[in-house]
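Participant: Got a structure for you, run.cif, holding mmCIF, N, CA and C atoms.
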data_start
loop_
_atom_site.label_atom_id
_atom_site.label_comp_id
_atom_site.auth_asym_id
_atom_site.auth_seq_id
_atom_site.Cartn_x
_atom_site.Cartn_y
_atom_site.Cartn_z
N MET M 5 118.64 189.48 113.74
CA MET M 5 118.93 188.26 114.47
C MET M 5 119.69 187.30 113.53
N LYS M 6 120.76 186.70 114.02
CA LYS M 6 121.53 185.75 113.25
C LYS M 6 120.81 184.41 113.17
N GLY M 7 121.00 183.75 112.03
CA GLY M 7 120.46 182.41 111.89
C GLY M 7 121.33 181.40 112.61
N VAL M 8 120.69 180.49 113.31
CA VAL M 8 121.42 179.46 114.05
C VAL M 8 120.87 178.10 113.66
N ILE M 9 121.78 177.18 113.33
CA ILE M 9 121.40 175.80 113.06
C ILE M 9 122.01 174.94 114.16
N THR M 10 121.18 174.11 114.76
CA THR M 10 121.62 173.24 115.85
C THR M 10 121.46 171.79 115.41
N ILE M 11 122.50 170.99 115.65
CA ILE M 11 122.45 169.56 115.37
C ILE M 11 122.80 168.82 116.64
N GLN M 12 121.91 167.92 117.07
CA GLN M 12 122.14 167.14 118.28
C GLN M 12 121.97 165.66 117.96
N LEU M 13 122.85 164.85 118.49
CA LEU M 13 122.76 163.40 118.35
C LEU M 13 122.95 162.80 119.72
N SER M 14 121.98 162.00 120.15
CA SER M 14 122.10 161.40 121.48
C SER M 14 121.61 159.96 121.44
N GLN M 15 122.11 159.19 122.40
CA GLN M 15 121.70 157.79 122.52
C GLN M 15 121.29 157.52 123.94
N ILE M 16 120.12 156.94 124.10
CA ILE M 16 119.65 156.47 125.40
C ILE M 16 119.31 155.00 125.20
N GLU M 17 120.09 154.17 125.87
CA GLU M 17 119.99 152.71 125.73
C GLU M 17 120.09 152.33 124.25
N GLU M 18 119.08 151.72 123.69
CA GLU M 18 119.14 151.24 122.30
C GLU M 18 118.46 152.19 121.32
N GLN M 19 118.23 153.44 121.72
CA GLN M 19 117.53 154.39 120.87
C GLN M 19 118.40 155.62 120.60
N ILE M 20 118.53 155.98 119.33
CA ILE M 20 119.29 157.15 118.93
C ILE M 20 118.32 158.23 118.46
N THR M 21 118.59 159.46 118.87
CA THR M 21 117.77 160.59 118.47
C THR M 21 118.65 161.63 117.77
N LEU M 22 118.25 162.02 116.58
CA LEU M 22 118.92 163.07 115.82
C LEU M 22 117.96 164.23 115.71
N VAL M 23 118.42 165.42 116.12
CA VAL M 23 117.60 166.62 116.04
C VAL M 23 118.37 167.66 115.24
N VAL M 24 117.72 168.18 114.20
CA VAL M 24 118.27 169.28 113.41
C VAL M 24 117.26 170.41 113.50
N ALA M 25 117.72 171.58 113.98
CA ALA M 25 116.79 172.70 114.19
C ALA M 25 117.42 174.00 113.73
N ASP M 26 116.56 174.95 113.37
CA ASP M 26 117.03 176.30 113.09
C ASP M 26 116.06 177.30 113.69
N ASN M 27 116.48 178.56 113.74
CA ASN M 27 115.63 179.60 114.32
C ASN M 27 115.07 180.52 113.23
N GLY M 28 114.92 179.99 112.02
CA GLY M 28 114.41 180.77 110.90
C GLY M 28 112.91 180.93 110.93
N ILE M 29 112.36 181.22 109.76
CA ILE M 29 110.91 181.46 109.67
C ILE M 29 110.12 180.16 109.73
N GLY M 30 110.78 179.04 109.56
CA GLY M 30 110.11 177.74 109.65
C GLY M 30 109.42 177.37 108.35
N ILE M 31 109.15 176.09 108.21
CA ILE M 31 108.40 175.66 107.05
C ILE M 31 106.92 175.78 107.36
N HIS M 32 106.16 176.02 106.34
CA HIS M 32 104.72 176.18 106.52
C HIS M 32 104.13 174.85 106.98
N PRO M 33 103.29 174.88 108.03
CA PRO M 33 102.70 173.63 108.55
C PRO M 33 102.01 172.80 107.49
N ALA M 34 101.43 173.44 106.49
CA ALA M 34 100.77 172.69 105.41
C ALA M 34 101.77 171.85 104.64
N SER M 35 103.02 172.32 104.54
CA SER M 35 104.06 171.56 103.84
C SER M 35 104.37 170.28 104.60
N VAL M 36 104.37 170.36 105.91
CA VAL M 36 104.67 169.19 106.73
C VAL M 36 103.51 168.21 106.71
N ASP M 37 102.30 168.74 106.74
CA ASP M 37 101.11 167.89 106.78
C ASP M 37 100.75 167.29 105.43
N SER M 38 101.32 167.83 104.35
CA SER M 38 101.00 167.29 103.03
C SER M 38 101.67 165.94 102.85
N GLU M 39 101.53 165.38 101.71
CA GLU M 39 102.10 164.07 101.43
C GLU M 39 103.56 164.17 101.02
N PHE M 40 104.34 165.01 101.66
CA PHE M 40 105.77 165.14 101.38
C PHE M 40 106.00 165.35 99.88
N ASN M 41 105.46 166.45 99.34
CA ASN M 41 105.53 166.69 97.91
C ASN M 41 106.90 167.16 97.42
N SER M 42 107.71 167.75 98.25
CA SER M 42 108.99 168.26 97.79
C SER M 42 110.04 167.15 97.81
N LEU M 43 111.07 167.31 97.00
CA LEU M 43 112.14 166.32 96.94
C LEU M 43 112.83 166.20 98.30
N GLY M 44 113.09 167.31 98.97
CA GLY M 44 113.73 167.28 100.28
C GLY M 44 112.92 166.50 101.30
N MET M 45 111.62 166.74 101.32
CA MET M 45 110.74 166.02 102.25
C MET M 45 110.71 164.53 101.91
N GLU M 46 110.65 164.21 100.62
CA GLU M 46 110.65 162.81 100.19
C GLU M 46 111.94 162.12 100.63
N LEU M 47 113.08 162.80 100.47
CA LEU M 47 114.36 162.22 100.88
C LEU M 47 114.42 161.97 102.38
N MET M 48 113.98 162.96 103.17
CA MET M 48 114.00 162.79 104.63
C MET M 48 113.10 161.64 105.07
N LYS M 49 111.91 161.58 104.49
CA LYS M 49 110.98 160.51 104.84
C LYS M 49 111.55 159.15 104.42
N GLY M 50 112.09 159.07 103.20
CA GLY M 50 112.63 157.81 102.70
C GLY M 50 113.82 157.33 103.50
N LEU M 51 114.73 158.24 103.84
CA LEU M 51 115.89 157.84 104.64
C LEU M 51 115.48 157.38 106.03
N SER M 52 114.48 158.03 106.61
CA SER M 52 113.98 157.61 107.92
C SER M 52 113.39 156.21 107.85
N GLU M 53 112.64 155.95 106.79
CA GLU M 53 112.06 154.62 106.61
C GLU M 53 113.15 153.57 106.40
N ASP M 54 114.21 153.94 105.67
CA ASP M 54 115.30 152.99 105.41
C ASP M 54 115.96 152.50 106.69
N ILE M 55 116.00 153.33 107.71
CA ILE M 55 116.62 152.92 108.98
C ILE M 55 115.56 152.57 110.03
N ASN M 56 114.32 152.34 109.57
CA ASN M 56 113.20 152.00 110.45
C ASN M 56 113.01 153.05 111.54
N GLY M 57 113.19 154.31 111.16
CA GLY M 57 113.05 155.40 112.11
C GLY M 57 111.73 156.12 111.97
N LYS M 58 111.48 156.97 112.92
CA LYS M 58 110.30 157.84 112.92
C LYS M 58 110.79 159.27 112.79
N ILE M 59 110.15 160.05 111.92
CA ILE M 59 110.52 161.44 111.71
C ILE M 59 109.38 162.33 112.18
N HIS M 60 109.74 163.44 112.83
CA HIS M 60 108.74 164.36 113.37
C HIS M 60 109.19 165.78 113.07
N PHE M 61 108.25 166.64 112.65
CA PHE M 61 108.54 168.03 112.33
C PHE M 61 107.82 168.96 113.30
N GLU M 62 108.51 169.99 113.74
CA GLU M 62 107.90 171.07 114.52
C GLU M 62 108.22 172.37 113.79
N THR M 63 107.25 173.26 113.73
CA THR M 63 107.44 174.48 112.94
C THR M 63 107.30 175.77 113.75
N ALA M 64 107.24 175.68 115.06
CA ALA M 64 107.16 176.88 115.89
C ALA M 64 108.57 177.41 116.14
N LYS M 65 108.78 178.70 116.02
CA LYS M 65 110.08 179.33 116.27
C LYS M 65 111.18 178.69 115.43
N GLY M 66 110.95 178.55 114.14
CA GLY M 66 111.90 177.90 113.26
C GLY M 66 111.41 176.52 112.89
N THR M 67 112.31 175.71 112.44
CA THR M 67 111.98 174.33 112.07
C THR M 67 112.83 173.39 112.90
N LYS M 68 112.19 172.35 113.41
CA LYS M 68 112.89 171.32 114.18
C LYS M 68 112.49 169.96 113.61
N ILE M 69 113.48 169.21 113.17
CA ILE M 69 113.24 167.89 112.62
C ILE M 69 113.90 166.87 113.53
N THR M 70 113.12 165.92 114.01
CA THR M 70 113.62 164.89 114.92
C THR M 70 113.44 163.54 114.27
N VAL M 71 114.53 162.77 114.26
CA VAL M 71 114.49 161.40 113.75
C VAL M 71 114.93 160.48 114.89
N VAL M 72 114.10 159.49 115.19
CA VAL M 72 114.39 158.53 116.26
C VAL M 72 114.48 157.15 115.63
N PHE M 73 115.58 156.44 115.95
CA PHE M 73 115.76 155.12 115.38
C PHE M 73 116.55 154.25 116.34
N ALA M 74 116.48 152.95 116.12
CA ALA M 74 117.15 151.98 117.01
C ALA M 74 118.61 151.83 116.61
N VAL M 75 119.42 151.48 117.59
CA VAL M 75 120.83 151.18 117.34
C VAL M 75 120.90 149.96 116.44
N ASP M 76 121.79 149.99 115.47
CA ASP M 76 122.00 148.84 114.58
C ASP M 76 122.94 147.87 115.28
N PRO M 77 122.48 146.68 115.65
CA PRO M 77 123.34 145.76 116.39
C PRO M 77 124.58 145.34 115.61
N LEU M 78 124.56 145.42 114.30
CA LEU M 78 125.73 145.06 113.51
C LEU M 78 126.83 146.11 113.58
N ASN M 79 126.50 147.31 114.09
CA ASN M 79 127.51 148.34 114.26
C ASN M 79 128.01 148.44 115.69
N ASP M 80 127.54 147.56 116.56
CA ASP M 80 127.94 147.54 117.96
C ASP M 80 129.02 146.48 118.14
N ILE M 81 130.20 146.89 118.54
CA ILE M 81 131.34 145.97 118.65
C ILE M 81 131.03 144.80 119.59
N ASN M 82 130.30 145.03 120.67
CA ASN M 82 129.96 143.93 121.59
C ASN M 82 129.05 142.90 120.91
N SER M 83 128.11 143.39 120.09
CA SER M 83 127.24 142.46 119.35
C SER M 83 128.04 141.67 118.34
N LEU M 84 128.98 142.34 117.67
CA LEU M 84 129.81 141.65 116.69
C LEU M 84 130.64 140.56 117.34
N LEU M 85 131.18 140.84 118.53
CA LEU M 85 131.96 139.84 119.24
C LEU M 85 131.09 138.66 119.63
N THR M 86 129.87 138.92 120.08
CA THR M 86 128.95 137.85 120.47
C THR M 86 128.59 137.01 119.25
N ILE M 87 128.31 137.64 118.13
CA ILE M 87 127.96 136.92 116.90
C ILE M 87 129.15 136.06 116.47
N SER M 88 130.35 136.60 116.55
CA SER M 88 131.55 135.88 116.16
C SER M 88 131.76 134.64 117.02
N VAL M 89 131.60 134.78 118.33
CA VAL M 89 131.78 133.66 119.24
C VAL M 89 130.74 132.59 118.98
N LEU M 90 129.49 133.01 118.76
CA LEU M 90 128.43 132.03 118.50
C LEU M 90 128.67 131.27 117.20
N SER M 91 129.19 131.93 116.18
CA SER M 91 129.40 131.27 114.90
C SER M 91 130.57 130.31 114.94
N GLU M 92 131.50 130.49 115.87
CA GLU M 92 132.63 129.57 115.98
C GLU M 92 132.27 128.29 116.73
N SER M 93 131.16 128.30 117.43
CA SER M 93 130.78 127.12 118.24
C SER M 93 130.24 126.00 117.39
#
In structure tokens, how does this file's structure come out?
Facilitator:
Amino acid sequence: MKGVITIQLSQIEEQITLVVADNGIGIHPASVDSEFNSLGMELMKGLSEDINGKIHFETAKGTKITVVFAVDPLNDINSLLTISVLSES
């Protein structure tokens, strides 16, 4: 069986969901439940916290990592226009 990596990015209203999954052997559930001892786990957890996101791991039929976070209003052109208009008043 060939290895497949899937990356999905979607937005529903003000929430963005990033899913990275593979169909490999998966990470051991104990690795996910531990205190993120590996550098990779520490990086994923830290980056999720930096964007005020939530990270979730699934280990059945491969590994699936889901990160959910809010849209950054400073990256939304409509919000920038509103902020600009308000500051000129």
Participant: Apply the PyMOL selection byres (((chain M and resi 16-30 and name CA) around 6) and name CA) to the displayed file and report the matching residues as a list in words.
Facilitator: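 Selected by the PyMOL selection byres (((chain M and resi 16-30 and name CA) around 6) and name CA) here: Val8, Ile9, Thr10, Ile11, Gln12, Leu13, Ser14, Gln15, Ile31, Thr63, Lys65, Gly66, Thr67, Lys68, Ile69, Thr70, Val71, Val72, Phe73, Ala74 and Val75 of chain M.
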Participant: So the first atom is atom CA of Glu46 of chain M and the second is atom N of Lys58 of chain M; what is the distance between them in Å, to one decimal place?
Facilitator: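 Computing it gives 14.0 Å between the two atoms.
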Participant: Could you check how far atom CA of Gly7 of chain M sits from atom CA of Gly50 of chain M, in Å to one decimal?
Facilitator: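 Atom CA of Gly50 of chain M lies 27.4 Å from atom CA of Gly7 of chain M.
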Participant: By how many Å are atom CA of Leu43 of chain M and atom CA of Ala64 of chain M apart?
Facilitator: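 For atom CA of Leu43 of chain M relative to atom CA of Ala64 of chain M, the distance reads 22.3 Å.
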